[in-house]
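With mmCIF, C-alpha atoms inside, this is upload19.cif:
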data_model
loop_
_atom_site.label_atom_id
_atom_site.label_comp_id
_atom_site.auth_asym_id
_atom_site.auth_seq_id
_atom_site.Cartn_x
_atom_site.Cartn_y
_atom_site.Cartn_z
CA MET A 53 0.00 0.00 0.00
CA LYS A 54 1.50 3.34 -1.07
CA ARG A 55 1.78 6.06 1.55
CA ILE A 56 0.56 9.54 0.65
CA VAL A 57 1.32 12.54 2.83
CA ILE A 58 -0.86 15.63 2.42
CA LEU A 59 0.85 18.91 3.35
CA GLY A 60 -1.84 21.44 4.22
CA CYS A 61 -5.42 20.79 5.31
CA GLY A 62 -7.24 23.39 3.24
CA GLU A 63 -9.87 22.76 0.57
CA SER A 64 -7.49 21.00 -1.82
CA GLY A 65 -5.70 19.05 0.94
CA MET A 66 -8.91 17.69 2.44
CA GLY A 67 -10.18 16.67 -0.98
CA ALA A 68 -6.93 14.93 -1.89
CA ALA A 69 -6.79 13.12 1.46
CA ARG A 70 -10.30 11.77 1.15
CA LEU A 71 -9.88 10.76 -2.50
CA ALA A 72 -6.61 8.99 -1.67
CA LYS A 73 -8.23 7.14 1.23
CA GLN A 74 -11.18 6.13 -0.94
CA ASN A 75 -8.74 4.61 -3.43
CA GLY A 76 -6.79 2.52 -0.95
CA TYR A 77 -3.79 4.66 -0.06
CA ASP A 78 -2.27 4.94 3.40
CA VAL A 79 -2.93 8.64 4.07
CA PHE A 80 -1.40 11.07 6.54
CA VAL A 81 -2.32 14.78 6.74
CA SER A 82 0.15 17.30 8.16
CA GLU A 83 -1.02 20.87 8.86
CA PHE A 84 1.40 23.54 10.07
CA GLY A 85 -1.43 25.53 11.63
CA GLU A 86 -4.58 24.39 13.40
CA ILE A 87 -7.21 22.10 11.88
CA SER A 88 -10.82 23.06 12.50
CA GLU A 89 -12.94 20.77 14.64
CA SER A 90 -15.26 19.95 11.75
CA LYS A 91 -12.32 18.83 9.60
CA LYS A 92 -10.88 16.77 12.45
CA GLU A 93 -14.21 14.99 12.87
CA LEU A 94 -14.34 14.24 9.13
CA LEU A 95 -10.76 12.93 9.07
CA GLN A 96 -11.42 10.75 12.10
CA SER A 97 -14.67 9.41 10.66
CA GLU A 98 -12.79 8.32 7.54
CA GLU A 99 -9.87 6.92 9.57
CA ILE A 100 -7.32 9.36 8.14
CA SER A 101 -4.33 10.05 10.39
CA PHE A 102 -3.32 13.67 10.88
CA GLU A 103 -1.21 16.13 12.84
CA GLU A 104 -1.49 19.88 13.38
CA LYS A 105 0.61 22.82 14.62
CA GLY A 106 3.74 21.61 12.88
CA HIS A 107 5.27 19.14 10.43
CA SER A 108 6.97 15.97 11.73
CA LYS A 109 9.86 15.32 9.36
CA ALA A 110 10.04 11.58 10.09
CA LEU A 111 6.33 11.11 9.34
CA ILE A 112 6.58 13.08 6.10
CA LEU A 113 9.81 11.81 4.60
CA ASN A 114 8.63 8.18 4.66
CA ALA A 115 6.02 8.98 2.01
CA ASP A 116 5.86 7.56 -1.50
CA ILE A 117 3.99 10.66 -2.69
CA ILE A 118 3.60 14.11 -1.15
CA ILE A 119 0.62 16.21 -2.20
CA LYS A 120 1.31 19.77 -1.13
CA SER A 121 -0.96 22.74 -0.75
CA PRO A 122 -0.46 25.17 -3.66
CA GLY A 123 0.54 27.88 -1.19
CA ILE A 124 3.56 25.88 -0.01
CA SER A 125 6.67 26.64 -2.04
CA PRO A 126 8.42 23.56 -3.47
CA ARG A 127 11.68 25.19 -2.37
CA ILE A 128 11.15 24.97 1.38
CA PRO A 129 13.85 22.82 3.05
CA LEU A 130 11.45 19.96 3.91
CA LEU A 131 10.36 19.54 0.29
CA LEU A 132 13.88 19.95 -1.06
CA GLU A 133 14.95 17.12 1.22
CA ALA A 134 11.98 15.02 0.09
CA SER A 135 12.92 15.64 -3.52
CA GLU A 136 16.49 14.57 -2.87
CA LYS A 137 15.13 11.31 -1.41
CA GLY A 138 13.21 10.70 -4.63
CA ILE A 139 9.76 11.27 -3.17
CA GLU A 140 7.26 12.38 -5.80
CA ILE A 141 5.84 15.85 -4.99
CA ILE A 142 2.62 16.83 -6.74
CA ASP A 143 -0.47 19.01 -6.39
CA GLU A 144 -4.11 18.11 -5.80
CA LEU A 145 -5.00 18.81 -9.44
CA GLU A 146 -2.34 16.37 -10.65
CA PHE A 147 -3.61 13.71 -8.25
CA ALA A 148 -7.27 14.24 -9.13
CA TYR A 149 -6.49 14.13 -12.86
CA GLY A 150 -5.63 10.45 -12.53
CA PHE A 151 -9.16 9.66 -11.33
CA SER A 152 -11.16 11.49 -14.01
CA LYS A 153 -12.05 10.30 -17.49
CA GLY A 154 -13.41 13.69 -18.52
CA LYS A 155 -11.85 16.07 -21.02
CA VAL A 156 -10.25 19.13 -19.47
CA ILE A 157 -10.40 22.80 -20.38
CA ALA A 158 -7.73 24.46 -18.23
CA ILE A 159 -7.38 28.21 -17.80
CA THR A 160 -4.46 30.12 -16.36
CA GLY A 161 -3.19 33.69 -16.54
CA THR A 162 -2.41 36.57 -14.25
CA ASN A 163 -5.80 38.19 -14.83
CA GLY A 164 -9.12 37.01 -16.18
CA LYS A 165 -8.76 33.33 -15.40
CA THR A 166 -11.54 33.14 -12.81
CA THR A 167 -14.04 35.04 -14.94
CA THR A 168 -13.10 33.05 -18.05
CA THR A 169 -13.37 29.77 -16.15
CA SER A 170 -16.77 30.75 -14.75
CA MET A 171 -18.01 31.98 -18.12
CA ILE A 172 -16.97 28.80 -19.95
CA TYR A 173 -18.57 26.63 -17.30
CA HIS A 174 -21.77 28.70 -17.38
CA VAL A 175 -22.05 28.49 -21.17
CA MET A 176 -21.43 24.72 -21.26
CA GLU A 177 -23.74 24.02 -18.33
CA SER A 178 -26.47 26.24 -19.80
CA ALA A 179 -26.25 24.26 -23.05
CA GLY A 180 -26.91 21.03 -21.15
CA MET A 181 -23.41 19.58 -21.26
CA ASN A 182 -22.23 17.21 -18.52
CA VAL A 183 -19.62 19.59 -17.08
CA GLY A 184 -17.99 20.42 -13.75
CA VAL A 185 -15.83 23.30 -12.55
CA ALA A 186 -12.88 23.07 -10.17
CA GLY A 187 -9.29 24.10 -9.51
CA ASN A 188 -8.50 27.47 -8.02
CA ILE A 189 -12.22 28.13 -7.67
CA GLY A 190 -14.93 26.64 -5.48
CA GLN A 191 -14.90 23.03 -4.33
CA SER A 192 -11.73 21.04 -4.98
CA TRP A 193 -11.62 18.67 -7.93
CA ALA A 194 -10.59 15.76 -5.71
CA SER A 195 -13.54 16.19 -3.35
CA GLN A 196 -15.99 16.33 -6.26
CA LEU A 197 -14.55 13.11 -7.70
CA LEU A 198 -15.45 11.31 -4.49
CA ASP A 199 -19.02 11.17 -5.76
CA SER A 200 -19.04 11.56 -9.55
CA ASP A 201 -17.11 12.40 -12.68
CA HIS A 202 -18.13 14.58 -15.66
CA ASP A 203 -17.60 14.39 -19.41
CA TRP A 204 -15.91 17.81 -19.24
CA TRP A 205 -14.09 19.70 -16.50
CA VAL A 206 -13.33 23.41 -16.59
CA ILE A 207 -10.30 23.90 -14.34
CA GLU A 208 -8.84 27.21 -13.18
CA CYS A 209 -5.10 26.77 -12.60
CA SER A 210 -2.79 29.10 -10.70
CA SER A 211 0.93 29.05 -11.37
CA PHE A 212 1.36 27.47 -7.93
CA GLN A 213 -0.90 24.57 -8.94
CA ILE A 214 0.82 24.15 -12.28
CA GLU A 215 4.15 23.70 -10.48
CA GLY A 216 2.85 20.38 -9.12
CA MET A 217 1.69 18.96 -12.44
CA LYS A 218 3.43 15.90 -13.92
CA SER A 219 0.93 14.23 -16.28
CA PHE A 220 -1.98 16.72 -16.24
CA ARG A 221 -2.98 17.33 -19.85
CA PRO A 222 -5.74 19.72 -20.85
CA HIS A 223 -7.48 19.11 -24.15
CA ILE A 224 -7.93 22.87 -24.36
CA GLY A 225 -5.45 25.09 -22.53
CA ILE A 226 -5.97 28.85 -22.20
CA LEU A 227 -3.46 31.49 -21.12
CA THR A 228 -5.28 34.80 -20.67
CA ASN A 229 -2.18 36.98 -20.13
CA ILE A 230 0.95 37.35 -18.00
CA THR A 231 1.94 40.39 -15.99
CA ALA A 232 4.28 40.68 -13.02
CA ASP A 233 2.62 38.94 -10.07
CA HIS A 234 3.63 36.58 -7.26
CA LEU A 235 7.24 37.54 -7.91
CA ASP A 236 8.02 36.95 -4.24
CA ARG A 237 7.38 33.24 -4.99
CA TYR A 238 9.68 33.30 -8.03
CA GLU A 239 12.73 35.05 -6.57
CA TYR A 240 11.57 38.27 -8.23
CA ASP A 241 12.42 36.72 -11.61
CA LEU A 242 9.63 37.29 -14.15
CA ASP A 243 11.05 34.61 -16.46
CA LYS A 244 10.50 31.97 -13.76
CA TYR A 245 6.89 33.07 -13.37
CA ILE A 246 6.39 32.87 -17.14
CA ALA A 247 7.91 29.38 -17.21
CA ALA A 248 5.55 28.27 -14.44
CA LYS A 249 2.52 29.43 -16.43
CA PHE A 250 3.69 27.64 -19.58
CA GLY A 251 3.92 24.37 -17.68
CA LEU A 252 0.19 24.07 -18.39
CA PHE A 253 0.93 23.14 -22.01
CA LYS A 254 3.88 20.77 -21.59
CA ASN A 255 1.90 17.53 -21.93
CA GLN A 256 -0.39 18.57 -24.78
CA THR A 257 -0.29 16.71 -28.09
CA GLU A 258 -1.21 17.65 -31.64
CA ASP A 259 -4.79 16.61 -30.86
CA ASP A 260 -5.10 19.38 -28.26
CA PHE A 261 -5.45 23.17 -28.43
CA ALA A 262 -3.68 26.12 -26.81
CA ILE A 263 -5.29 29.56 -26.88
CA PHE A 264 -3.27 32.75 -26.30
CA LEU A 265 -3.74 36.53 -26.31
CA LYS A 266 -1.80 37.80 -29.31
CA GLY A 267 0.45 40.73 -28.54
CA ASP A 268 0.67 40.05 -24.82
CA GLU A 269 4.38 40.65 -24.32
CA ASN A 270 5.09 38.05 -21.68
CA SER A 271 2.88 35.40 -23.29
CA ASP A 272 4.75 35.94 -26.55
CA LYS A 273 8.03 35.62 -24.67
CA GLY A 274 6.94 32.34 -23.17
CA ARG A 275 5.82 30.97 -26.51
CA ALA A 276 9.19 31.79 -28.02
CA THR A 277 11.01 29.74 -25.40
CA SER A 278 8.53 26.86 -24.93
CA SER A 279 7.90 23.74 -26.97
CA ILE A 280 4.15 23.51 -27.66
CA SER A 281 2.85 20.53 -29.63
CA SER A 282 -0.84 21.45 -29.70
CA GLY A 283 -2.75 23.50 -32.23
CA ILE A 284 -2.32 27.19 -31.41
CA LEU A 285 -5.19 29.67 -31.60
CA GLU A 286 -5.13 33.38 -30.80
CA VAL A 287 -7.50 36.08 -29.61
CA SER A 288 -6.93 39.80 -29.96
CA ASN A 289 -8.62 43.10 -29.24
CA ASN A 290 -7.42 44.70 -32.46
CA GLU A 291 -5.98 42.16 -34.92
CA ASN A 292 -7.40 39.56 -37.27
CA THR A 293 -6.97 36.30 -35.35
CA GLU A 294 -9.21 33.29 -34.71
CA ALA A 295 -11.25 35.53 -32.43
CA PHE A 296 -11.00 39.33 -32.17
CA VAL A 297 -12.82 42.57 -31.45
CA ARG A 298 -13.86 44.74 -34.40
CA GLY A 299 -15.62 47.85 -33.17
CA ASP A 300 -18.75 46.70 -31.38
CA ILE A 301 -18.54 43.16 -32.72
CA LEU A 302 -16.66 40.07 -31.55
CA GLU A 303 -15.59 38.02 -34.58
CA PHE A 304 -14.98 34.26 -34.41
CA ASN A 305 -13.21 32.77 -37.42
CA LEU A 306 -12.67 29.10 -36.61
CA SER A 307 -12.73 26.88 -39.67
CA LEU A 308 -15.59 25.00 -38.01
CA GLN A 309 -17.92 27.96 -38.52
CA ALA A 310 -17.48 31.74 -38.54
CA TRP A 311 -19.86 33.78 -36.39
CA GLN A 312 -20.27 37.06 -34.51
CA LEU A 313 -21.27 38.31 -31.08
CA GLU A 314 -22.27 41.89 -30.37
CA VAL A 315 -20.44 43.57 -27.49
CA ASN A 316 -23.75 44.68 -25.98
CA GLN A 317 -24.68 40.99 -25.60
CA ILE A 318 -21.98 40.64 -22.91
CA PRO A 319 -23.65 41.56 -19.59
CA VAL A 320 -20.40 42.20 -17.69
CA PRO A 321 -18.65 45.52 -18.52
CA GLY A 322 -15.11 46.31 -19.59
CA GLU A 323 -12.68 45.56 -22.42
CA HIS A 324 -11.19 42.73 -20.34
CA ASN A 325 -14.55 40.95 -20.37
CA GLN A 326 -14.61 41.19 -24.15
CA LEU A 327 -11.35 39.24 -24.14
CA ASN A 328 -12.81 36.76 -21.65
CA ALA A 329 -15.75 36.28 -24.03
CA LEU A 330 -13.35 35.67 -26.93
CA PHE A 331 -11.57 32.92 -24.98
CA THR A 332 -14.93 31.48 -23.96
CA GLY A 333 -16.33 31.46 -27.47
CA LEU A 334 -13.33 29.63 -28.94
CA ALA A 335 -13.14 27.06 -26.14
CA CYS A 336 -16.85 26.30 -26.21
CA GLN A 337 -16.90 25.99 -29.99
CA LEU A 338 -13.95 23.58 -29.85
CA ALA A 339 -15.89 21.62 -27.20
CA GLY A 340 -18.74 21.17 -29.67
CA LEU A 341 -21.24 23.92 -28.90
CA SER A 342 -23.03 25.83 -31.65
CA PRO A 343 -22.63 29.61 -32.04
CA GLN A 344 -26.24 30.09 -30.93
CA GLU A 345 -25.69 28.06 -27.76
CA ILE A 346 -22.56 30.10 -26.99
CA LYS A 347 -24.32 33.41 -27.60
CA GLU A 348 -27.19 32.47 -25.32
CA GLY A 349 -24.80 31.32 -22.61
CA ILE A 350 -22.61 34.43 -22.67
CA SER A 351 -25.60 36.76 -22.71
CA SER A 352 -26.95 35.14 -19.51
CA PHE A 353 -23.63 35.28 -17.62
CA HIS A 354 -23.64 37.93 -14.90
CA GLY A 355 -20.12 37.79 -13.52
CA ILE A 356 -18.54 36.39 -10.39
CA GLU A 357 -18.37 37.38 -6.78
CA HIS A 358 -15.54 39.79 -5.88
CA ARG A 359 -14.81 40.70 -9.53
CA MET A 360 -16.37 43.98 -10.66
CA GLU A 361 -19.38 43.10 -8.50
CA LYS A 362 -21.80 46.00 -8.15
CA VAL A 363 -22.94 45.83 -4.55
CA ARG A 364 -25.22 48.83 -4.18
CA VAL A 365 -26.07 52.31 -5.40
CA LEU A 366 -26.68 54.76 -2.56
CA ASP A 367 -27.32 58.49 -3.01
CA GLY A 368 -26.27 58.06 -6.63
CA VAL A 369 -22.89 56.54 -5.66
CA ALA A 370 -22.11 53.02 -6.90
CA PHE A 371 -20.12 50.69 -4.63
CA VAL A 372 -18.16 48.02 -6.54
CA ASN A 373 -16.41 44.99 -5.04
CA ASP A 374 -13.30 44.05 -7.03
CA SER A 375 -11.47 42.38 -4.14
CA LYS A 376 -10.14 39.79 -6.57
CA GLY A 377 -8.10 42.57 -8.16
CA THR A 378 -4.94 41.51 -6.35
CA ASN A 379 -2.34 42.96 -8.74
CA VAL A 380 -1.77 46.17 -10.65
CA ASP A 381 -2.87 44.80 -14.00
CA ALA A 382 -6.20 43.58 -12.63
CA THR A 383 -6.80 46.96 -11.02
CA SER A 384 -5.89 48.66 -14.30
CA TYR A 385 -8.74 46.79 -16.02
CA ALA A 386 -11.10 47.86 -13.24
CA LEU A 387 -10.10 51.52 -13.39
CA ARG A 388 -10.53 51.56 -17.18
CA SER A 389 -14.04 50.16 -16.92
CA TYR A 390 -15.48 53.43 -15.63
CA ASP A 391 -15.80 56.94 -17.01
CA GLN A 392 -17.07 58.35 -13.71
CA PRO A 393 -14.95 59.86 -10.94
CA LEU A 394 -13.62 57.14 -8.63
CA ILE A 395 -12.96 56.81 -4.94
CA TRP A 396 -10.41 54.00 -4.99
CA ILE A 397 -9.86 51.68 -2.00
CA ALA A 398 -6.47 49.97 -2.40
CA GLY A 399 -3.64 48.38 -0.48
CA GLY A 400 -2.56 45.22 1.30
CA VAL A 401 0.48 42.99 0.88
CA ASP A 402 2.66 44.33 -1.92
CA LYS A 403 3.95 41.68 -4.34
CA GLY A 404 6.57 43.79 -6.05
CA ASN A 405 4.03 46.22 -7.52
CA ASP A 406 5.00 48.83 -10.10
CA TYR A 407 2.27 51.49 -10.15
CA SER A 408 3.74 53.49 -13.03
CA SER A 409 1.49 51.76 -15.57
CA ILE A 410 -1.67 53.19 -13.96
CA THR A 411 -0.45 56.65 -13.01
CA GLY A 412 -2.26 58.26 -15.94
CA LEU A 413 -5.51 56.44 -15.17
CA VAL A 414 -5.38 57.42 -11.51
CA GLU A 415 -4.59 61.04 -12.30
CA LYS A 416 -7.49 61.22 -14.74
CA GLN A 417 -10.20 59.45 -12.72
CA VAL A 418 -9.41 59.05 -9.02
CA LYS A 419 -10.66 61.87 -6.78
CA GLY A 420 -9.92 60.04 -3.54
CA LEU A 421 -7.55 57.21 -2.56
CA ILE A 422 -8.24 55.24 0.61
CA CYS A 423 -5.25 53.11 1.60
CA LEU A 424 -6.41 49.96 3.37
CA GLY A 425 -3.34 48.16 4.70
CA LYS A 426 -0.65 48.00 7.35
CA ASP A 427 2.04 49.55 5.14
CA ASN A 428 0.76 52.14 2.66
CA GLN A 429 3.97 54.03 1.94
CA LYS A 430 4.37 52.70 -1.60
CA LEU A 431 0.85 53.75 -2.56
CA LYS A 432 1.28 57.18 -1.00
CA SER A 433 4.61 57.70 -2.75
CA ALA A 434 3.17 56.66 -6.11
CA PHE A 435 0.05 58.84 -5.99
CA GLY A 436 0.69 61.50 -3.38
CA ASP A 437 1.32 64.18 -5.99
CA ILE A 438 -1.68 63.37 -8.21
CA VAL A 439 -4.55 62.50 -5.83
CA ALA A 440 -5.65 65.38 -3.62
CA ASP A 441 -7.46 63.32 -0.98
CA ILE A 442 -5.48 60.34 0.38
CA ARG A 443 -6.48 58.63 3.63
CA GLU A 444 -5.25 55.59 5.56
CA THR A 445 -7.04 53.00 7.64
CA GLN A 446 -6.80 49.37 8.70
CA ALA A 447 -10.56 48.98 9.08
CA MET A 448 -12.88 48.14 6.17
CA THR A 449 -15.82 49.93 7.82
CA GLN A 450 -13.82 53.16 8.01
CA ALA A 451 -12.73 52.81 4.37
CA VAL A 452 -16.32 52.36 3.21
CA ASN A 453 -17.58 55.23 5.37
CA TRP A 454 -14.94 57.52 3.88
CA GLY A 455 -15.95 56.35 0.42
CA GLN A 456 -19.49 57.47 1.11
CA GLU A 457 -18.26 60.75 2.58
CA ILE A 458 -16.10 61.62 -0.44
CA GLY A 459 -18.52 60.31 -3.07
CA THR A 460 -21.17 62.42 -4.77
CA ASP A 461 -23.94 61.57 -7.22
CA GLY A 462 -22.45 59.72 -10.21
CA ASP A 463 -19.24 58.62 -8.50
CA VAL A 464 -18.01 55.05 -8.00
CA VAL A 465 -16.44 53.72 -4.80
CA LEU A 466 -14.19 50.95 -6.10
CA LEU A 467 -12.50 48.33 -3.92
CA SER A 468 -9.71 47.09 -6.21
CA PRO A 469 -6.71 46.61 -3.92
CA ALA A 470 -3.92 45.75 -6.42
CA CYS A 471 -2.42 43.80 -3.50
CA ALA A 472 -2.81 40.53 -1.65
CA SER A 473 -5.10 40.52 1.37
CA PHE A 474 -3.16 38.70 4.06
CA ASP A 475 -2.11 41.65 6.20
CA LEU A 476 -5.64 42.39 7.42
CA PHE A 477 -7.86 39.62 6.03
CA LYS A 478 -7.96 35.82 5.71
CA ASN A 479 -8.06 36.04 1.91
CA TYR A 480 -9.55 38.15 -0.88
CA GLU A 481 -12.97 36.57 -0.28
CA ASP A 482 -12.93 37.69 3.36
CA ARG A 483 -11.89 41.18 2.25
CA GLY A 484 -14.70 41.29 -0.30
CA HIS A 485 -17.31 40.00 2.12
CA GLN A 486 -16.33 42.62 4.69
CA PHE A 487 -16.65 45.31 2.01
CA VAL A 488 -20.11 44.10 1.01
CA GLU A 489 -21.23 43.93 4.64
CA ALA A 490 -19.95 47.45 5.36
CA VAL A 491 -21.62 48.85 2.23
CA ASN A 492 -24.95 47.25 3.07
CA GLN A 493 -24.82 48.83 6.54
CA LEU A 494 -24.54 52.36 5.14
CA LYS A 495 -27.42 54.76 5.62
CA PRO A 496 -28.37 57.50 3.12
CA LYS A 497 -26.68 60.83 3.73
CA THR A 498 -28.79 63.23 5.78
CA LEU A 499 -30.49 65.69 3.49
CA ALA A 500 -29.50 69.31 4.10
#
Take the structure in the file and write it out as C-alpha cells.
Amino acid sequence: MKRIVILGCGESGMGAARLAKQNGYDVFVSEFGEISESKKELLQSEEISFEEKGHSKALILNADIIIKSPGISPRIPLLLEASEKGIEIIDELEFAYGFSKGKVIAITGTNGKTTTTSMIYHVMESAGMNVGVAGNIGQSWASQLLDSDHDWWVIECSSFQIEGMKSFRPHIGILTNITADHLDRYEYDLDKYIAAKFGLFKNQTEDDFAIFLKGDENSDKGRATSSISSGILEVSNNENTEAFVRGDILEFNLSLQAWQLEVNQIPVPGEHNQLNALFTGLACQLAGLSPQEIKEGISSFHGIEHRMEKVRVLDGVAFVNDSKGTNVDATSYALRSYDQPLIWIAGGVDKGNDYSSITGLVEKQVKGLICLGKDNQKLKSAFGDIVADIRETQAMTQAVNWGQEIGTDGDVVLLSPACASFDLFKNYEDRGHQFVEAVNQLKPKTLA
C-alpha cells in the first residue's frame, strides 16, 4: 500500500486526502497551523491520520507521494529534502487528474482566469453539457470526484498549482495573459513566473489546443522559449486572429464555422470581459457547442463574486467589489471600466508592484484614494502628488464610510486593492465580504 502525505489541510488538501483514502492509499495529513474541529471529525470518521501545529519530518519523509498545498513553495527545506530522497511531490490537481475520465479545459493567466473559467462553465452548463468546474475556484476537484465524474471539466489553474503537475494534460489550454505577479514566490524573476505558467501546455499533443492573447508581451516571450505541440489559436482586441474585437462586434473565425457576437450581448462591462468572451467562445466551440448556444450562454452570464461586482447604489454613488483585483494589471482593467470619478480603496500585501502603468488612469479618474493596509507608503509615494485626498485605515468599515463621505452623485467607490489581502484579512474573499457587509450597513446621507 502506497503512503501519501498531504501537506496542508485546506480545501485542496482535504479533498486529496479523502480521495486517496477512498482509493486505498495509506494517508497522513500534516497541517502547520490548526485544523478546524469539523475537519478533524471528518478525518477521524474516515480513519485518516493527521497532525497539526507543525510538520513531523520523520512522518513526512517516509512517504511515497507528497501532495502539497499550492501555497507551499516547493523550495522549502522539507520539500527539497523530500525531492532529494526521490519522493514524488505533486499538487491536488495532478492527483485528481488520474481519477477522471473527462476532457479538461484548463485556464491560467495573471488576470481574467476566474471570470473566463466561470463563463466557460456557465455556457457549457447552460447548453446542457455534462460539465464540472474546479481548480483554483470553489470546491476542490478531488472532493468532487469522491461522488461523480463529468464528461468535461473546466479547471482554473494558478501558477502554484501548475508547479505540481506531472501528467496533467488539458485538451484545451488557455493562457489569458501574463503580468508581473507573485514575484516573491519566483525570486523576483519574471522569467521563472512565465515558465511556471507555460507548464500548463507541456503535456499537450497535436490533438489538443492552446489559446493565447496575441500581442501580450510576456505570453509571446513564453511561446518563443517553450515547446508547444498542440494546435495554437489566438484572440486579440485589435488584430485579425481566430477571435478578435472589431468595433462593437466580436468576430470568431474558426474553420468549423465563422460567427459574430455583439459587445452589448456581454452583460459584464469592460474591455477585459470582451477578451474573456473571446476565450470562452473559442473554447466552447472547440468543445462542440453551436454559435447560438454560446451566444445564449454568454448573454446570460452575470459575472462572479468579488470581480467587478456592483454591490449597491446609494445616493447616486455606486459601490463596486473588485477584491479579486490583487495585482496592478487587474486593477488597471477595473479603473478603465469606468468613465465616472472614482474613490479608490487599495492596499494590502505588496507583491513587487509597479504602479507606473496606472499613473495616468489614476490622475485622470481618481478623486480620492483610501489606503487599506498596514504599510501604505508605496501607494502614497506613487500617488501623493496626483490625488488630492489620500487617507489611511486598517478597518474596512472606516474605508467604506470615507468612500461614502467623499462620493457624490455619479461617482463610483471601487475596492480594487492591487495587492494581496493577508495583512488584514484571511483572503480576498474575506476582504470582499467585509466590504459588502460594510456597504450594506450604510445609511443614506442626511439631506440638508
Item checked: Matched chain/residue IDs from the PyMOL selection byres ((chain A and resi 365-372) around 7), as a VMD selection string -> chain A and resid 360 to 364 373 to 374 459 to 467 496
Let me know the residues the PyMOL selection byres ((chain A and resi 472) around 7) catches in the file above, as a ChimeraX atom specification.
/A:378,400-402,471,473-474
Using only C-alpha atoms, the shortest atom-to-atom distance to A:Leu131 among A:Ala115, A:Cys423, A:Gln256, A:Gly299 belongs to A:Ala115
Query - A:Ala194 environment, 8 Å, only C-alpha atoms, sequence neighbours closer than 3 positions dropped, as a VMD selection string - result: chain A and resid 64 67 to 68 70 to 71 144 to 145 147 to 148 197 to 198
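Selection by the PyMOL selection byres ((chain A and resi 324) around 9) on the present file picks out Asn163, Gly164, Pro321, Gly322, Glu323, Asn325, Gln326, Leu327, Asn328, Ala329, Tyr385, Ala386 and Ser389 of chain A.
Between atom CA of A:Ala69 and atom CA of A:Asn188 lies a distance of 17.3 Å.
Shortest atom-to-atom contact with A:Ala179 among A:Lys347, A:Arg388, A:Arg127, A:Arg443: A:Lys347, counting only C-alpha atoms.
Put simply, atom CA of A:Asp272 is 9.5 Å away from atom CA of A:Asn229.
Of the listed residues A:Gln74, A:Asn292, A:Gln446, A:Asn379, the one whose atoms come nearest to A:Asp427 is A:Gln446, with distances taken using all atoms listed in the file.
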Select, counting all atoms listed in the file, all protein, DNA and RNA residues no farther than 8 Å from (4.7, 11.1, -4.8) in file coordinates, and express the selection as a short mmCIF file (atom, residue, chain, number, x, y, z; two decimals) with C-alpha atoms, keeping the file's coordinate frame.
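Saved as out.cif:
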data_model
loop_
_atom_site.label_atom_id
_atom_site.label_comp_id
_atom_site.auth_asym_id
_atom_site.auth_seq_id
_atom_site.Cartn_x
_atom_site.Cartn_y
_atom_site.Cartn_z
CA ILE A 56 0.56 9.54 0.65
CA ALA A 115 6.02 8.98 2.01
CA ASP A 116 5.86 7.56 -1.50
CA ILE A 117 3.99 10.66 -2.69
CA ILE A 118 3.60 14.11 -1.15
CA ILE A 119 0.62 16.21 -2.20
CA ILE A 139 9.76 11.27 -3.17
CA GLU A 140 7.26 12.38 -5.80
CA ILE A 141 5.84 15.85 -4.99
CA ILE A 142 2.62 16.83 -6.74
#
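Between atom CA of A:Lys137 and atom CA of A:Lys120 lies a distance of 16.2 Å.
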Can you pull out the residues contacting stretch 208-220 of chain A? Cut-off 10 Å, using all atoms listed in the file, and skip same-chain residues under 3 positions away; I want them as an NGL selection string. :A and (119-126 or 140-150 or 156-162 or 165-170 or 185-190 or 205 or 223 or 226-227 or 234 or 237 or 245-256)
Considering all atoms listed in the file, return as a list of chain:residue names whatever protein or nucleic-acid residues lie within 7 Å of stretch 330-335 of chain A, sequence-local ones (same chain, fewer than 5 positions apart) excluded.
A:Thr168, A:Met171, A:Ile172, A:Ile224, A:Val287, A:Ala295, A:Phe296, A:Ile346
Just to be explicit: take each residue in the selection above, keep C-alpha atoms, and write the result as a PDB file, in the frame of the given file.
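Result file is selection-v1.pdb:
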ATOM      1  CA  THR A 168     -13.100  33.050 -18.050  1.00  0.00           C
ATOM      2  CA  MET A 171     -18.010  31.980 -18.120  1.00  0.00           C
ATOM      3  CA  ILE A 172     -16.970  28.800 -19.950  1.00  0.00           C
ATOM      4  CA  ILE A 224      -7.930  22.870 -24.360  1.00  0.00           C
ATOM      5  CA  VAL A 287      -7.500  36.080 -29.610  1.00  0.00           C
ATOM      6  CA  ALA A 295     -11.250  35.530 -32.430  1.00  0.00           C
ATOM      7  CA  PHE A 296     -11.000  39.330 -32.170  1.00  0.00           C
ATOM      8  CA  ILE A 346     -22.560  30.100 -26.990  1.00  0.00           C
TER       9      ILE A 346
END
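Proximity ranking of A:Ala470, A:Val439, A:Val81, A:Leu341 relative to A:Leu387 places A:Ala470 first, based on all atoms listed in the file.
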- Considering only C-alpha atoms, return as a PyMOL selection string whatever protein or nucleic-acid residues lie within 7 Å of A:Ser288, sequence-local ones (same chain, fewer than 3 positions apart) excluded. chain A and resi 265-266+291+293+295-297
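Proximity to A:Ala382 was assessed for A:Ser178, A:Leu94, A:Val315, A:Ser468 counting only C-alpha atoms; the smallest distance is recorded for A:Ser468.
The shortest atom-to-atom distance to A:Ser342, with all atoms listed in the file taken into account, belongs to A:Ala310 out of A:Glu93, A:Phe261, A:Leu394, A:Ala310.
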Exercise for the section: Name all residues at most 10 Å from A:Thr411 (count all atoms listed in the file; drop same-chain ones fewer than 5 positions away) and give them as a VMD selection string. Expected result: chain A and resid 384 406 416 434 to 435 438
Take the structure in the block and write a file for stretch 67-78 of chain A, C-alpha atoms, as a tab-separated table (two decimals), in the first residue's frame.
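The resulting decode_30.tsv:
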chain	number	residue	atom	x	y	z
A	67	GLY	CA	-10.18	16.67	-0.98
A	68	ALA	CA	-6.93	14.93	-1.89
A	69	ALA	CA	-6.79	13.12	1.46
A	70	ARG	CA	-10.30	11.77	1.15
A	71	LEU	CA	-9.88	10.76	-2.50
A	72	ALA	CA	-6.61	8.99	-1.67
A	73	LYS	CA	-8.23	7.14	1.23
A	74	GLN	CA	-11.18	6.13	-0.94
A	75	ASN	CA	-8.74	4.61	-3.43
A	76	GLY	CA	-6.79	2.52	-0.95
A	77	TYR	CA	-3.79	4.66	-0.06
A	78	ASP	CA	-2.27	4.94	3.40
